[in-house]
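Trainee: For reference, the file query.csv (CSV, C-alpha atoms) is included below:
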```csv
chain,number,residue,atom,x,y,z
A,14,MET,CA,-13.2,-16.8,132.9
A,15,LYS,CA,-12.6,-20.4,134.0
A,16,LYS,CA,-15.8,-20.3,136.1
A,17,GLN,CA,-17.8,-19.1,133.2
A,18,LYS,CA,-16.5,-21.9,131.0
A,19,GLU,CA,-17.4,-24.4,133.7
A,20,LYS,CA,-20.9,-23.0,134.0
A,21,SER,CA,-21.3,-23.1,130.2
A,22,ALA,CA,-20.2,-26.7,130.1
A,23,LYS,CA,-22.6,-27.6,132.9
A,24,LYS,CA,-25.4,-26.0,131.0
A,25,ARG,CA,-24.6,-27.9,127.9
A,26,LEU,CA,-24.4,-31.1,129.8
A,27,ARG,CA,-27.7,-30.4,131.5
A,28,GLY,CA,-29.2,-29.7,128.1
A,29,TRP,CA,-27.9,-32.9,126.6
A,30,LEU,CA,-29.2,-34.9,129.6
A,31,ILE,CA,-32.7,-33.3,129.3
A,32,ALA,CA,-32.7,-34.0,125.5
A,33,LEU,CA,-31.6,-37.6,126.1
A,34,GLY,CA,-34.3,-38.0,128.7
A,35,PHE,CA,-37.0,-36.7,126.4
A,36,ILE,CA,-35.8,-39.0,123.6
A,37,ALA,CA,-35.9,-42.0,126.0
A,38,VAL,CA,-39.4,-41.1,127.2
A,39,LEU,CA,-40.5,-40.7,123.6
A,40,ALA,CA,-38.9,-44.0,122.5
A,41,GLY,CA,-40.6,-45.8,125.4
A,42,SER,CA,-43.9,-44.3,124.6
A,43,LEU,CA,-43.6,-45.3,120.9
A,44,THR,CA,-42.5,-48.8,121.9
A,45,LEU,CA,-45.5,-49.2,124.3
A,46,TYR,CA,-47.8,-47.8,121.7
A,47,GLY,CA,-46.5,-50.3,119.1
A,48,TYR,CA,-46.9,-53.2,121.5
A,49,ILE,CA,-50.4,-52.2,122.4
A,50,ALA,CA,-51.2,-51.8,118.7
A,51,ARG,CA,-49.8,-55.2,117.9
A,52,GLN,CA,-51.9,-56.7,120.6
A,53,ASP,CA,-55.2,-55.0,119.7
A,54,PRO,CA,-57.4,-57.5,117.9
A,55,GLN,CA,-58.8,-55.0,115.4
A,56,ARG,CA,-55.3,-53.8,114.4
A,57,MET,CA,-54.1,-57.4,114.2
A,58,MET,CA,-56.8,-58.3,111.8
A,59,GLU,CA,-56.4,-55.1,109.7
A,60,ASN,CA,-52.6,-55.6,109.4
A,61,HIS,CA,-52.7,-59.4,109.3
A,62,ILE,CA,-50.4,-59.7,112.3
A,63,VAL,CA,-49.6,-63.2,113.6
A,64,LYS,CA,-47.6,-63.0,116.8
A,65,LEU,CA,-45.3,-65.9,117.9
A,66,GLU,CA,-46.0,-66.2,121.6
A,67,ARG,CA,-44.2,-69.4,122.7
A,68,THR,CA,-41.8,-72.0,121.3
A,69,THR,CA,-41.0,-75.3,123.0
A,70,TYR,CA,-38.9,-78.3,122.0
A,71,LYS,CA,-39.6,-81.7,123.4
A,72,ASP,CA,-38.4,-85.2,122.9
A,73,MET,CA,-41.5,-87.3,122.1
A,74,PRO,CA,-42.0,-91.1,122.1
A,75,ALA,CA,-43.2,-93.0,119.1
A,76,MET,CA,-46.9,-92.4,118.6
A,77,ARG,CA,-49.7,-93.2,116.2
A,78,PHE,CA,-51.8,-90.4,114.8
A,79,VAL,CA,-55.4,-91.7,114.2
A,80,GLY,CA,-57.9,-89.8,112.2
A,81,MET,CA,-60.2,-89.5,109.2
A,82,ALA,CA,-58.1,-89.0,106.1
A,83,VAL,CA,-58.3,-87.1,102.8
A,84,ASN,CA,-56.1,-88.4,100.0
A,85,GLU,CA,-57.3,-86.0,97.3
A,86,ALA,CA,-54.3,-85.0,95.1
A,87,GLU,CA,-55.9,-82.5,92.8
A,88,TRP,CA,-56.0,-78.8,93.7
A,89,PRO,CA,-58.3,-77.0,94.5
A,90,GLU,CA,-60.4,-80.1,95.1
A,91,ALA,CA,-58.0,-81.1,97.9
A,92,ILE,CA,-58.7,-77.9,99.7
A,93,TYR,CA,-62.4,-78.4,99.5
A,94,ALA,CA,-62.1,-82.0,100.7
A,95,ARG,CA,-60.0,-80.9,103.7
A,96,GLU,CA,-62.5,-78.2,104.7
A,97,GLU,CA,-65.3,-80.7,104.4
A,98,MET,CA,-63.5,-83.2,106.6
A,99,TRP,CA,-62.8,-80.5,109.2
A,100,GLU,CA,-66.5,-79.6,109.2
A,101,ARG,CA,-67.4,-83.2,109.8
A,102,ARG,CA,-65.2,-83.7,112.9
A,103,ALA,CA,-68.1,-83.7,115.3
A,104,GLU,CA,-69.3,-86.9,113.6
A,105,PHE,CA,-66.1,-89.0,114.3
A,106,MET,CA,-64.1,-87.4,117.1
A,107,PRO,CA,-66.2,-88.9,119.9
A,108,ALA,CA,-64.9,-92.4,118.8
A,109,LEU,CA,-61.3,-91.1,119.4
A,110,ASP,CA,-62.2,-89.3,122.6
A,111,ALA,CA,-63.5,-92.6,124.0
A,112,MET,CA,-60.1,-94.2,123.6
A,113,GLU,CA,-58.8,-92.7,126.9
A,114,GLU,CA,-56.5,-95.6,127.7
A,115,TYR,CA,-54.6,-94.9,124.4
A,116,ALA,CA,-54.4,-91.1,124.8
A,117,SER,CA,-50.9,-89.5,124.4
A,118,ASP,CA,-49.6,-86.4,126.1
A,119,ILE,CA,-50.9,-84.4,123.1
A,120,THR,CA,-54.6,-84.3,123.9
A,121,GLU,CA,-55.9,-81.6,121.5
A,122,VAL,CA,-57.7,-82.2,118.3
A,123,CYS,CA,-55.1,-81.8,115.4
A,124,ASP,CA,-54.8,-82.1,111.7
A,125,LEU,CA,-51.7,-83.7,110.4
A,126,THR,CA,-50.4,-83.6,106.8
A,127,HIS,CA,-47.7,-85.9,105.5
A,128,ASN,CA,-46.4,-87.0,102.2
A,129,PHE,CA,-46.5,-90.6,100.9
A,130,ASN,CA,-43.4,-89.9,98.7
A,131,VAL,CA,-40.4,-88.7,100.7
A,132,GLU,CA,-38.9,-87.2,97.5
A,133,HIS,CA,-41.9,-84.9,97.4
A,134,ASP,CA,-41.8,-84.8,93.6
A,135,GLU,CA,-44.6,-83.7,91.3
A,136,ASP,CA,-46.3,-87.2,91.5
A,137,SER,CA,-46.3,-87.3,95.3
A,138,VAL,CA,-49.6,-87.2,97.2
A,139,GLU,CA,-50.1,-85.6,100.6
A,140,GLN,CA,-52.5,-87.2,103.1
A,141,TYR,CA,-54.4,-85.0,105.4
A,142,LEU,CA,-55.9,-86.4,108.6
A,143,VAL,CA,-58.1,-84.9,111.3
A,144,GLY,CA,-57.8,-86.7,114.6
A,145,LYS,CA,-55.6,-87.2,117.6
A,146,PHE,CA,-52.1,-88.4,118.6
A,147,MET,CA,-52.4,-91.8,120.3
A,148,LYS,CA,-49.9,-94.1,122.0
A,149,ALA,CA,-47.9,-96.3,119.7
A,150,GLY,CA,-49.9,-99.4,118.8
A,151,ALA,CA,-53.3,-97.9,119.5
A,152,PRO,CA,-56.1,-99.6,117.6
A,153,VAL,CA,-57.4,-97.9,114.5
A,154,PRO,CA,-61.3,-97.9,114.5
A,155,GLU,CA,-63.1,-99.0,111.4
A,156,GLY,CA,-63.2,-96.3,108.8
A,157,PHE,CA,-60.2,-94.4,110.3
A,158,ASP,CA,-56.7,-94.1,109.0
A,159,SER,CA,-53.4,-93.7,110.8
A,160,PHE,CA,-49.9,-92.3,110.5
A,161,GLU,CA,-46.9,-93.7,112.4
A,162,VAL,CA,-45.0,-90.9,114.2
A,163,PRO,CA,-41.4,-91.9,115.0
A,164,ALA,CA,-39.8,-91.0,118.3
A,165,GLY,CA,-37.9,-87.8,118.1
A,166,LYS,CA,-37.7,-84.1,118.9
A,167,MET,CA,-40.7,-81.9,118.1
A,168,VAL,CA,-41.0,-78.2,118.0
A,169,ARG,CA,-44.3,-76.5,119.0
A,170,CYS,CA,-45.1,-72.9,118.3
A,171,THR,CA,-48.1,-71.1,119.8
A,172,VAL,CA,-49.3,-68.1,117.8
A,173,ARG,CA,-51.9,-65.4,118.2
A,174,GLY,CA,-53.9,-63.9,115.3
A,175,GLU,CA,-56.9,-64.0,113.2
A,176,TRP,CA,-58.0,-67.5,112.1
A,177,ASP,CA,-57.2,-67.4,108.4
A,178,ASP,CA,-54.0,-65.4,109.0
A,179,MET,CA,-52.8,-68.0,111.5
A,180,ARG,CA,-53.4,-70.9,109.1
A,181,ARG,CA,-51.9,-69.1,106.2
A,182,ARG,CA,-48.7,-67.9,108.0
A,183,GLY,CA,-48.3,-70.4,110.8
A,184,GLY,CA,-46.2,-72.8,108.7
A,185,GLY,CA,-43.7,-70.0,107.7
A,186,ILE,CA,-43.4,-68.9,111.3
A,187,ILE,CA,-42.5,-72.3,112.6
A,188,TYR,CA,-40.1,-73.0,109.7
A,189,ASN,CA,-38.3,-69.7,110.2
A,190,LYS,CA,-38.1,-70.3,114.0
A,191,ILE,CA,-36.4,-73.7,113.4
A,192,ASP,CA,-34.0,-72.4,110.8
A,193,ARG,CA,-32.8,-69.6,113.0
A,194,GLY,CA,-32.3,-71.9,116.0
A,195,ARG,CA,-30.1,-74.8,116.9
A,196,TYR,CA,-32.4,-77.4,115.3
A,197,GLN,CA,-33.0,-78.3,111.6
A,198,PHE,CA,-36.2,-78.6,109.7
A,199,LEU,CA,-36.7,-82.2,108.5
A,200,TYR,CA,-37.4,-82.3,104.8
A,201,PRO,CA,-38.2,-84.2,102.7
A,202,GLU,CA,-37.6,-87.4,104.7
A,203,GLY,CA,-39.2,-87.3,108.1
A,204,TRP,CA,-41.5,-84.4,107.3
A,205,PHE,CA,-45.0,-83.9,108.6
A,206,PHE,CA,-46.9,-80.8,109.7
A,207,VAL,CA,-49.5,-80.5,112.4
A,208,GLN,CA,-52.0,-77.8,113.3
A,209,VAL,CA,-53.1,-78.0,116.9
A,210,TYR,CA,-56.5,-76.6,117.9
A,211,LEU,CA,-56.4,-75.3,121.4
A,212,ASP,CA,-59.4,-74.9,123.7
A,213,GLU,CA,-59.5,-71.2,122.9
A,214,THR,CA,-59.0,-71.6,119.1
A,215,VAL,CA,-62.1,-70.3,117.3
A,216,PRO,CA,-62.1,-71.5,113.7
A,217,GLU,CA,-64.0,-68.6,112.3
A,218,GLU,CA,-63.1,-65.6,110.2
A,219,GLY,CA,-62.8,-62.2,111.9
A,220,MET,CA,-61.8,-63.5,115.3
A,221,VAL,CA,-58.4,-63.3,117.0
A,222,SER,CA,-57.4,-66.3,119.1
A,223,ARG,CA,-54.6,-68.8,119.5
A,224,MET,CA,-53.5,-72.0,117.9
A,225,ALA,CA,-50.3,-74.1,117.8
A,226,PHE,CA,-48.2,-75.7,115.1
A,227,MET,CA,-45.9,-78.7,115.4
A,228,ASN,CA,-43.1,-80.1,113.3
A,229,PRO,CA,-40.4,-82.8,113.8
A,230,CYS,CA,-36.9,-81.3,113.9
A,231,GLY,CA,-33.3,-82.6,114.2
A,232,SER,CA,-30.2,-81.2,115.8
```
Just give me the structure of the file as structure tokens.

Mentor:
Amino acid sequence: MKKQKEKSAKKRLRGWLIALGFIAVLAGSLTLYGYIARQDPQRMMENHIVKLERTTYKDMPAMRFVGMAVNEAEWPEAIYAREEMWERRAEFMPALDAMEEYASDITEVCDLTHNFNVEHDEDSVEQYLVGKFMKAGAPVPEGFDSFEVPAGKMVRCTVRGEWDDMRRRGGGIIYNKIDRGRYQFLYPEGWFFVQVYLDETVPEEGMVSRMAFMNPCGS
């Protein structure tokens, strides 16, 4: 009788182990399928998936952002003006590329948005610049504008997704990342927002690539 009970217990244990093994394999398969699905460009576009791939925090020196500016306050006119300025970048970026002796560690073409009024009230105006980060004190070519970037910690998030999805959701992704971490999002004073165009960034609809976003942050 005792031996029969032991055999019965062993069978039940074996059955449980087989069932658990099957569940583990199934869970692993679903996880792998989900990962592949999230990485597939077509699925990413269909489901508007924007994946955070990398986050870095770095202490940066004071810099000067030099670029062509849009000061339009009315919407949607401001959006149209920004898009037009971006389309014109080939006209004025060579002048900044030639300033190699003033280049900073951030070498990519960027657009930077900041607010003239730190209270960010209804009368405040955002300035949008397309250009590059330069060393502090870099000369500002005729026709260009600039924004003084104070020394401090900056967070940089690299994301993957479709062009419009990245631009639309990138800000929220970087803000959420900062809020959940050990650093704080600077707002309203000290706020500015940067979109970084990597070599592989393709600014076209219907294409999955990568871009980065930057923000100042405090501890």

Trainee: Figure out the distance between CA of Gly184 in chain A and CA of Phe157 in chain A, please, to one decimal in Å.

Mentor: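 Taking CA of Phe157 in chain A and CA of Gly184 in chain A, their separation equals 25.8 Å.
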
Trainee: Could you check which of A:His127, A:Arg67, A:Arg169, A:Arg193 is closest to Met227 in chain A, using all atoms listed in the file?

Mentor: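 The answer is A:Arg169, which sits nearest to Met227 in chain A.
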
Trainee: One number please: CA of Lys71 in chain A to CA of Met167 in chain A, in Å, one decimal.

Mentor: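 So the answer is 5.4 Å.
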
Trainee: Which of these residues is nearest to Ala111 in chain A, using only C-alpha atoms: A:Lys64, A:Lys145, A:Arg173, A:Arg223?

Mentor: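 Once distances to Ala111 in chain A are computed over only C-alpha atoms, the minimum belongs to A:Lys145.
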
Trainee: Give the answer as one residue: which of A:Val209, A:Cys230, A:Ala225, A:Val138 has the shortest atom-to-atom distance to Glu121 in chain A, using only C-alpha atoms?

Mentor: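 Using only C-alpha atoms, Glu121 in chain A sits closest to A:Val209.
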
Trainee: With distances taken over only C-alpha atoms, which of A:Tyr115, A:Phe129, A:Tyr210, A:Tyr70 is nearest to Gln197 in chain A?

Mentor: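 Answer, going by the shortest atom-to-atom distance: A:Tyr70.
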
Trainee: Grab the CA of Asp158 in chain A to CA of Phe205 in chain A distance for me, in Å with one decimal place.

Mentor: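 Atom-to-atom, CA of Asp158 in chain A and CA of Phe205 in chain A are spaced 15.5 Å apart.
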
Trainee: Please write as a PyMOL selection string the list of polymer residues whose atoms come within 9 Å of (-61.1, -86.9, 122.5), counting all atoms listed in the file and keeping to the coordinates of the file.

Mentor: chain A and resi 106-113+116+120-122+144-145

Trainee: At most 12 Å from (-52.3, -68.4, 106.8), file frame, all atoms listed in the file: which residues, as a list in words?

Mentor: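 Protein, DNA and RNA residues close to (-52.3, -68.4, 106.8): His61, Ile62, Val63, Val172, Arg173, Gly174, Glu175, Trp176, Asp177, Asp178, Met179, Arg180, Arg181, Arg182, Gly183, Gly184, Gly185, Ile186, Gln208, Glu218, Met224 and Phe226 of chain A.
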
Trainee: Taking N, CA and C atoms as the atom set, what does range 121-149 of chain A look like once completed, written as a tab-separated table (two decimals), keeping the file's coordinate frame?

Mentor:
```
chain	number	residue	atom	x	y	z
A	121	GLU	N	-54.99	-82.47	122.35
A	121	GLU	CA	-55.90	-81.60	121.50
A	121	GLU	C	-56.23	-82.28	120.20
A	122	VAL	N	-57.33	-81.81	119.63
A	122	VAL	CA	-57.70	-82.20	118.30
A	122	VAL	C	-56.67	-81.55	117.32
A	123	CYS	N	-56.17	-82.30	116.36
A	123	CYS	CA	-55.10	-81.80	115.40
A	123	CYS	C	-55.50	-82.19	114.02
A	124	ASP	N	-54.88	-81.52	113.08
A	124	ASP	CA	-54.80	-82.10	111.70
A	124	ASP	C	-53.36	-82.24	111.35
A	125	LEU	N	-53.09	-83.35	110.69
A	125	LEU	CA	-51.70	-83.70	110.40
A	125	LEU	C	-51.61	-83.95	108.87
A	126	THR	N	-50.61	-83.37	108.24
A	126	THR	CA	-50.40	-83.60	106.80
A	126	THR	C	-48.99	-84.22	106.65
A	127	HIS	N	-48.94	-85.27	105.84
A	127	HIS	CA	-47.70	-85.90	105.50
A	127	HIS	C	-47.66	-86.29	104.06
A	128	ASN	N	-46.51	-86.69	103.58
A	128	ASN	CA	-46.40	-87.00	102.20
A	128	ASN	C	-46.01	-88.48	102.01
A	129	PHE	N	-46.73	-89.17	101.12
A	129	PHE	CA	-46.50	-90.60	100.90
A	129	PHE	C	-45.11	-90.81	100.21
A	130	ASN	N	-44.65	-89.82	99.47
A	130	ASN	CA	-43.40	-89.90	98.70
A	130	ASN	C	-42.37	-89.01	99.36
A	131	VAL	N	-41.33	-89.56	99.99
A	131	VAL	CA	-40.40	-88.70	100.70
A	131	VAL	C	-39.58	-87.81	99.77
A	132	GLU	N	-39.59	-88.11	98.47
A	132	GLU	CA	-38.90	-87.20	97.50
A	132	GLU	C	-39.71	-85.97	97.27
A	133	HIS	N	-41.00	-86.01	97.59
A	133	HIS	CA	-41.90	-84.90	97.40
A	133	HIS	C	-41.84	-84.34	95.96
A	134	ASP	N	-41.83	-85.24	95.00
A	134	ASP	CA	-41.80	-84.80	93.60
A	134	ASP	C	-43.20	-84.50	93.13
A	135	GLU	N	-43.34	-84.19	91.84
A	135	GLU	CA	-44.60	-83.70	91.30
A	135	GLU	C	-45.70	-84.83	91.34
A	136	ASP	N	-45.29	-86.09	91.48
A	136	ASP	CA	-46.30	-87.20	91.50
A	136	ASP	C	-46.62	-87.58	92.96
A	137	SER	N	-46.04	-86.94	93.94
A	137	SER	CA	-46.30	-87.30	95.30
A	137	SER	C	-47.67	-86.83	95.77
A	138	VAL	N	-48.24	-87.53	96.73
A	138	VAL	CA	-49.60	-87.20	97.20
A	138	VAL	C	-49.50	-86.96	98.73
A	139	GLU	N	-50.07	-85.86	99.17
A	139	GLU	CA	-50.10	-85.60	100.60
A	139	GLU	C	-51.42	-86.15	101.17
A	140	GLN	N	-51.29	-86.73	102.35
A	140	GLN	CA	-52.50	-87.20	103.10
A	140	GLN	C	-52.73	-86.25	104.23
A	141	TYR	N	-53.99	-85.91	104.40
A	141	TYR	CA	-54.40	-85.00	105.40
A	141	TYR	C	-55.36	-85.73	106.38
A	142	LEU	N	-55.05	-85.73	107.67
A	142	LEU	CA	-55.90	-86.40	108.60
A	142	LEU	C	-56.34	-85.47	109.73
A	143	VAL	N	-57.59	-85.60	110.14
A	143	VAL	CA	-58.10	-84.90	111.30
A	143	VAL	C	-58.33	-85.89	112.39
A	144	GLY	N	-57.67	-85.69	113.52
A	144	GLY	CA	-57.80	-86.70	114.60
A	144	GLY	C	-56.95	-86.32	115.79
A	145	LYS	N	-56.31	-87.37	116.38
A	145	LYS	CA	-55.60	-87.20	117.60
A	145	LYS	C	-54.29	-88.03	117.61
A	146	PHE	N	-53.30	-87.56	118.38
A	146	PHE	CA	-52.10	-88.40	118.60
A	146	PHE	C	-52.47	-89.42	119.70
A	147	MET	N	-52.16	-90.68	119.41
A	147	MET	CA	-52.40	-91.80	120.30
A	147	MET	C	-51.07	-92.44	120.67
A	148	LYS	N	-51.07	-93.28	121.69
A	148	LYS	CA	-49.90	-94.10	122.00
A	148	LYS	C	-49.58	-95.02	120.87
A	149	ALA	N	-48.31	-95.34	120.73
A	149	ALA	CA	-47.90	-96.30	119.70
A	149	ALA	C	-48.68	-97.61	119.87
```
